[in-house]
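Following: one structure in structure tokens, then a few remarks.
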Amino acid sequence: MVTQEQRKRQLAREKFLRQQQRRTAARRKARVRNSVIASVLGVILIGSLALYTTGVLKDDDKANASSEASPSPSPSAVKDPCEKPAAGKVKTQSWKKEPALTIDKSAKYTMQLATTCGDIDIALKTSAAPHTVNSFDFLANKGYFDHTKCHRLTANTIYVLQCGDPTGSGSGGPGYTLPDENLKDKSLKGNVYPAGTVAMANTGQAHTGGSQFFLVYQDSQLPPSYTPFGTVSESGMAVLKKIAAAGESTGQGDGAPNATVVINKATVKKS
């Protein structure tokens with residue numbers, strides 16, 4: 001027969017065991033929780049480092065390349081295929097608003113970039129991108145592009161030569177922005193900007209195009225967010241390929257061209 005004292009001791013022992021079990025379970029949960037938190041933090045840290053090193057967290061509108069960069073010749077190993085720039089200085093000009101639309105939208109216009117590497121002739125898509133073509137007509141007539149350097153060449157998933165920034169830094173512009181146009185151009189199939197396309201650069205946001213533009217020298221995977229407003233001629237493509245063959249300065253597929261690409265004179269004409 002169990003005495004009252006024995007019963008008290010048994011109950012106390014059971015209570016102690018329950019407390020121990022709860023404490024053990026709590027410690028186990030804490031270890032699991034901490035392990036999960038540590039794993040998540042590790043993934044976030046690794047992801048953040050990866051994003052930073054690929055340029056996704058930077059302000060520049062660099063493309064998010066998914067493949068390894070194609071080898072690019074170093075500047076010291078490449079002979080500059082281009083001539084010396086013509087005498088003259090870049091003009092510092094800025095306007096508060098987009099110029100009035102004065103071009104004839106039903107007419108054909110062409111733009112010629114007389115560069116140190118050769119002439120690049122471009123047929124402009126006037127009716128499809130009238131605001132953009134009108135802006136280039138305005139800026140070219142003001143001498144805005146004259147003596148400016150094409151500051152960026154990409155050779156990693158995206159294959160473009162970028163120009164149109166008088167500062168040469170990738171952040172310059174005319175002081176106004178342009179509406180996006182012609183984003184459903186029939187040439188843009190499968191989110192590919194085909195070789196020969198001339199399109200506006202922007203920050204990735206709508207209505208942020210200014211004066212910077214890029215010339216595609218090889219089919220490039222891009223979202224249809226950049227106004228396509230022209231097509232490079234066959235002879236112009238030969239010039240672009242010569243520039244591309246000289247590579248870019250970083251060897252990582254995105255940097256200043258090794259070739260000295262300067263627009264001596266930009267001219268827009270109604271044909």
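Residues in the structure tokens are named by chain (A, B, ... in the order shown) and by number from 1 within that chain; ligands are numbered from 1 in the order shown.
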Report the closest atom pair, with its distance in Å rounded to one decimal, for each residue of region 223-246 of chain A that has an atom no farther than 10 Å from region 165-188 of chain A; count only C-alpha atoms, sort by chain and then rising residue number, and write it as a Markdown table.
| residue | atom | partner | partner_atom | distance |
| --- | --- | --- | --- | --- |
| A:Pro223 | CA | A:Leu188 | CA | 9.2 |
| A:Pro224 | CA | A:Leu183 | CA | 5.7 |
| A:Ser225 | CA | A:Leu183 | CA | 6.4 |
| A:Tyr226 | CA | A:Leu183 | CA | 6.9 |
| A:Thr227 | CA | A:Glu181 | CA | 5.2 |
| A:Pro228 | CA | A:Asn182 | CA | 6.3 |
| A:Phe229 | CA | A:Asn182 | CA | 7.5 |
For the selection just defined, write its residues with N, CA, C and O atoms to a file, as a PDB file, in the first residue's frame.
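The resulting file, part-v6.pdb, is shown below:
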ATOM      1  N   PRO A 223      14.909  42.861 -72.286  1.00  0.00           N
ATOM      2  CA  PRO A 223      13.466  43.087 -72.233  1.00  0.00           C
ATOM      3  C   PRO A 223      13.100  44.242 -73.166  1.00  0.00           C
ATOM      4  O   PRO A 223      13.904  45.151 -73.374  1.00  0.00           O
ATOM      5  N   PRO A 224      11.899  44.231 -73.733  1.00  0.00           N
ATOM      6  CA  PRO A 224      11.505  45.298 -74.660  1.00  0.00           C
ATOM      7  C   PRO A 224      11.165  46.587 -73.915  1.00  0.00           C
ATOM      8  O   PRO A 224      10.025  47.040 -73.894  1.00  0.00           O
ATOM      9  N   SER A 225      12.165  47.199 -73.320  1.00  0.00           N
ATOM     10  CA  SER A 225      11.984  48.403 -72.512  1.00  0.00           C
ATOM     11  C   SER A 225      12.791  49.583 -73.047  1.00  0.00           C
ATOM     12  O   SER A 225      12.779  50.648 -72.437  1.00  0.00           O
ATOM     13  N   TYR A 226      13.487  49.381 -74.162  1.00  0.00           N
ATOM     14  CA  TYR A 226      14.387  50.391 -74.688  1.00  0.00           C
ATOM     15  C   TYR A 226      13.942  50.761 -76.110  1.00  0.00           C
ATOM     16  O   TYR A 226      13.968  49.913 -77.003  1.00  0.00           O
ATOM     17  N   THR A 227      13.545  51.987 -76.293  1.00  0.00           N
ATOM     18  CA  THR A 227      12.994  52.449 -77.570  1.00  0.00           C
ATOM     19  C   THR A 227      13.909  52.126 -78.744  1.00  0.00           C
ATOM     20  O   THR A 227      15.007  52.683 -78.858  1.00  0.00           O
ATOM     21  N   PRO A 228      13.497  51.244 -79.655  1.00  0.00           N
ATOM     22  CA  PRO A 228      14.280  51.015 -80.869  1.00  0.00           C
ATOM     23  C   PRO A 228      13.908  52.094 -81.895  1.00  0.00           C
ATOM     24  O   PRO A 228      12.752  52.219 -82.277  1.00  0.00           O
ATOM     25  N   PHE A 229      14.882  52.882 -82.320  1.00  0.00           N
ATOM     26  CA  PHE A 229      14.547  54.010 -83.186  1.00  0.00           C
ATOM     27  C   PHE A 229      15.381  54.078 -84.456  1.00  0.00           C
ATOM     28  O   PHE A 229      15.270  55.040 -85.230  1.00  0.00           O
TER      29      PHE A 229
END
Review point. Can you list, as a PyMOL selection string, every protein, DNA or RNA residue that comes within 12 Å of Gly196 (chain A) when you count only C-alpha atoms, leaving out same-chain residues fewer than 2 positions away?
Key: chain A and resi 120-124+159-161+187-188+192-194+198-199+214-220+228-241
Would you mind exporting the chosen residues as a compact mmCIF listing (two decimals), in the first residue's frame, restricted to N, CA, C and O atoms?
# COMPACT_ATOMS: atom_id res chain seq x y z
N ILE A 120 29.15 55.59 -89.30
CA ILE A 120 28.05 54.68 -88.98
C ILE A 120 26.76 55.35 -89.43
O ILE A 120 26.31 56.34 -88.83
N ASP A 121 26.17 54.82 -90.50
CA ASP A 121 24.93 55.36 -91.03
C ASP A 121 23.74 54.61 -90.45
O ASP A 121 23.75 53.37 -90.38
N ILE A 122 22.70 55.37 -90.08
CA ILE A 122 21.55 54.80 -89.39
C ILE A 122 20.27 55.28 -90.06
O ILE A 122 20.07 56.50 -90.22
N ALA A 123 19.41 54.35 -90.45
CA ALA A 123 18.08 54.70 -90.94
C ALA A 123 17.16 54.83 -89.72
O ALA A 123 17.03 53.90 -88.92
N LEU A 124 16.55 56.00 -89.55
CA LEU A 124 15.74 56.28 -88.36
C LEU A 124 14.28 55.87 -88.57
O LEU A 124 13.73 56.01 -89.67
N TYR A 159 25.42 42.61 -76.34
CA TYR A 159 26.54 43.02 -77.20
C TYR A 159 26.23 44.38 -77.82
O TYR A 159 25.63 44.46 -78.90
N VAL A 160 26.61 45.43 -77.10
CA VAL A 160 26.26 46.77 -77.55
C VAL A 160 27.42 47.75 -77.34
O VAL A 160 28.27 47.54 -76.48
N LEU A 161 27.40 48.80 -78.16
CA LEU A 161 28.26 49.95 -77.97
C LEU A 161 27.36 51.09 -77.54
O LEU A 161 26.38 51.39 -78.22
N SER A 187 10.54 43.86 -85.03
CA SER A 187 11.88 43.27 -85.06
C SER A 187 12.27 42.66 -83.72
O SER A 187 13.20 41.85 -83.64
N LEU A 188 11.56 43.05 -82.63
CA LEU A 188 11.90 42.55 -81.29
C LEU A 188 11.12 41.26 -81.04
O LEU A 188 9.98 41.29 -80.59
N VAL A 192 14.61 39.75 -77.87
CA VAL A 192 15.93 39.88 -78.48
C VAL A 192 15.97 41.16 -79.32
O VAL A 192 15.09 41.39 -80.15
N TYR A 193 16.99 41.98 -79.05
CA TYR A 193 17.26 43.13 -79.90
C TYR A 193 18.27 42.66 -80.95
O TYR A 193 19.42 42.36 -80.62
N PRO A 194 17.84 42.57 -82.21
CA PRO A 194 18.74 41.99 -83.23
C PRO A 194 19.90 42.90 -83.57
O PRO A 194 19.86 44.12 -83.36
N VAL A 198 19.40 50.21 -83.20
CA VAL A 198 19.84 51.36 -82.42
C VAL A 198 18.70 51.70 -81.47
O VAL A 198 17.55 51.88 -81.91
N ALA A 199 18.97 51.74 -80.18
CA ALA A 199 17.91 51.93 -79.19
C ALA A 199 18.37 52.87 -78.09
O ALA A 199 19.56 53.09 -77.88
N PHE A 214 22.31 53.02 -77.61
CA PHE A 214 23.25 51.92 -77.85
C PHE A 214 23.02 51.31 -79.23
O PHE A 214 21.90 51.32 -79.77
N LEU A 215 24.11 50.82 -79.79
CA LEU A 215 24.11 50.18 -81.10
C LEU A 215 24.43 48.71 -80.91
O LEU A 215 25.48 48.36 -80.34
N VAL A 216 23.53 47.84 -81.34
CA VAL A 216 23.67 46.40 -81.12
C VAL A 216 24.50 45.79 -82.25
O VAL A 216 24.12 45.86 -83.42
N TYR A 217 25.64 45.19 -81.91
CA TYR A 217 26.49 44.60 -82.94
C TYR A 217 26.33 43.09 -83.04
O TYR A 217 26.87 42.45 -83.95
N GLN A 218 25.55 42.50 -82.10
CA GLN A 218 25.24 41.07 -82.14
C GLN A 218 23.93 40.88 -81.39
O GLN A 218 23.67 41.58 -80.40
N ASP A 219 23.09 39.96 -81.86
CA ASP A 219 21.79 39.74 -81.21
C ASP A 219 21.94 39.71 -79.70
O ASP A 219 22.80 39.00 -79.16
N SER A 220 21.08 40.46 -79.00
CA SER A 220 21.22 40.62 -77.55
C SER A 220 19.88 40.41 -76.85
O SER A 220 18.86 40.97 -77.25
N PRO A 228 13.50 51.24 -79.65
CA PRO A 228 14.28 51.02 -80.87
C PRO A 228 13.91 52.09 -81.90
O PRO A 228 12.75 52.22 -82.28
N PHE A 229 14.88 52.88 -82.32
CA PHE A 229 14.55 54.01 -83.19
C PHE A 229 15.38 54.08 -84.46
O PHE A 229 15.27 55.04 -85.23
N GLY A 230 16.20 53.06 -84.72
CA GLY A 230 16.99 53.08 -85.93
C GLY A 230 17.63 51.75 -86.25
O GLY A 230 17.64 50.84 -85.42
N THR A 231 18.15 51.65 -87.47
CA THR A 231 18.83 50.44 -87.93
C THR A 231 20.14 50.83 -88.61
O THR A 231 20.16 51.70 -89.48
N VAL A 232 21.22 50.18 -88.20
CA VAL A 232 22.56 50.48 -88.74
C VAL A 232 22.70 49.87 -90.13
O VAL A 232 22.26 48.75 -90.40
N SER A 233 23.37 50.62 -91.01
CA SER A 233 23.63 50.14 -92.37
C SER A 233 24.66 49.01 -92.35
O SER A 233 25.34 48.78 -91.34
N GLU A 234 24.80 48.34 -93.49
CA GLU A 234 25.76 47.24 -93.59
C GLU A 234 27.19 47.74 -93.36
O GLU A 234 27.98 47.10 -92.64
N SER A 235 27.52 48.89 -93.95
CA SER A 235 28.87 49.43 -93.75
C SER A 235 29.08 49.87 -92.32
O SER A 235 30.18 49.75 -91.76
N GLY A 236 28.01 50.38 -91.69
CA GLY A 236 28.09 50.76 -90.28
C GLY A 236 28.32 49.57 -89.38
O GLY A 236 29.04 49.65 -88.38
N MET A 237 27.73 48.42 -89.74
CA MET A 237 27.92 47.20 -88.96
C MET A 237 29.37 46.75 -89.01
O MET A 237 29.91 46.24 -88.03
N ALA A 238 30.02 46.96 -90.14
CA ALA A 238 31.45 46.59 -90.26
C ALA A 238 32.28 47.43 -89.30
O ALA A 238 33.23 46.94 -88.67
N VAL A 239 31.90 48.70 -89.14
CA VAL A 239 32.60 49.58 -88.19
C VAL A 239 32.37 49.10 -86.77
O VAL A 239 33.31 49.01 -85.96
N LEU A 240 31.11 48.76 -86.45
CA LEU A 240 30.79 48.28 -85.10
C LEU A 240 31.56 47.01 -84.76
O LEU A 240 32.08 46.85 -83.64
N LYS A 241 31.64 46.09 -85.71
CA LYS A 241 32.34 44.83 -85.45
C LYS A 241 33.83 45.05 -85.26
O LYS A 241 34.49 44.34 -84.49
Considering only C-alpha atoms, tabulate each residue of region 81-166 of chain A that lies at most 8 Å from region 246-260 of chain A along with its nearest interatomic pair and the corresponding distance in Å to one decimal; arrange the rows by chain and ascending residue number and present them as a tab-separated table.
residue	atom	partner	partner_atom	distance
A:Pro81	CA	A:Ala259	CA	6.2
A:Cys82	CA	A:Thr260	CA	6.0
A:Glu83	CA	A:Thr260	CA	7.6
A:Lys84	CA	A:Thr260	CA	7.7
A:Thr116	CA	A:Thr260	CA	7.1
A:Cys117	CA	A:Thr260	CA	7.7
A:Lys149	CA	A:Thr260	CA	7.7
A:Cys150	CA	A:Pro257	CA	7.8
A:His151	CA	A:Ala256	CA	5.3
A:Arg152	CA	A:Ala256	CA	4.6
A:Leu153	CA	A:Pro257	CA	5.3
A:Thr154	CA	A:Asp254	CA	4.3
A:Ala155	CA	A:Gly253	CA	4.5
A:Asn156	CA	A:Gly253	CA	4.9
Output of the above residues as a compact mmCIF listing (two decimals), in the first residue's frame, restricted to C-alpha atoms:
# COMPACT_ATOMS: atom_id res chain seq x y z
CA PRO A 81 41.90 50.33 -84.79
CA CYS A 82 40.63 53.93 -84.80
CA GLU A 83 42.05 57.29 -85.78
CA LYS A 84 42.77 60.25 -83.54
CA THR A 116 37.14 58.02 -85.39
CA CYS A 117 36.58 54.39 -86.38
CA LYS A 149 33.24 59.48 -76.65
CA CYS A 150 31.31 56.21 -76.79
CA HIS A 151 31.92 55.19 -73.20
CA ARG A 152 30.74 51.59 -72.92
CA LEU A 153 31.13 48.29 -74.74
CA THR A 154 29.48 45.09 -73.52
CA ALA A 155 30.44 41.59 -74.60
CA ASN A 156 28.65 39.37 -72.09
Please identify the helix (DSSP H, G or I) residues within region 36-256 of chain A (assignment by DSSP from backbone atoms) and present them as an NGL selection string. :A and (36-54 or 75-77 or 130-141 or 234-245)
- request: Would you work out the distance separating CA of Leu222 (chain A) from CA of Ile158 (chain A), expressed in Å to one decimal?
  value: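 Between CA of Leu222 (chain A) and CA of Ile158 (chain A) the gap works out to 7.6 Å.
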Restricting to only C-alpha atoms, whichever of A:Thr115, A:Lys270, A:Gly210, A:Gln205 is closest to Glu98 (chain A) is A:Gly210
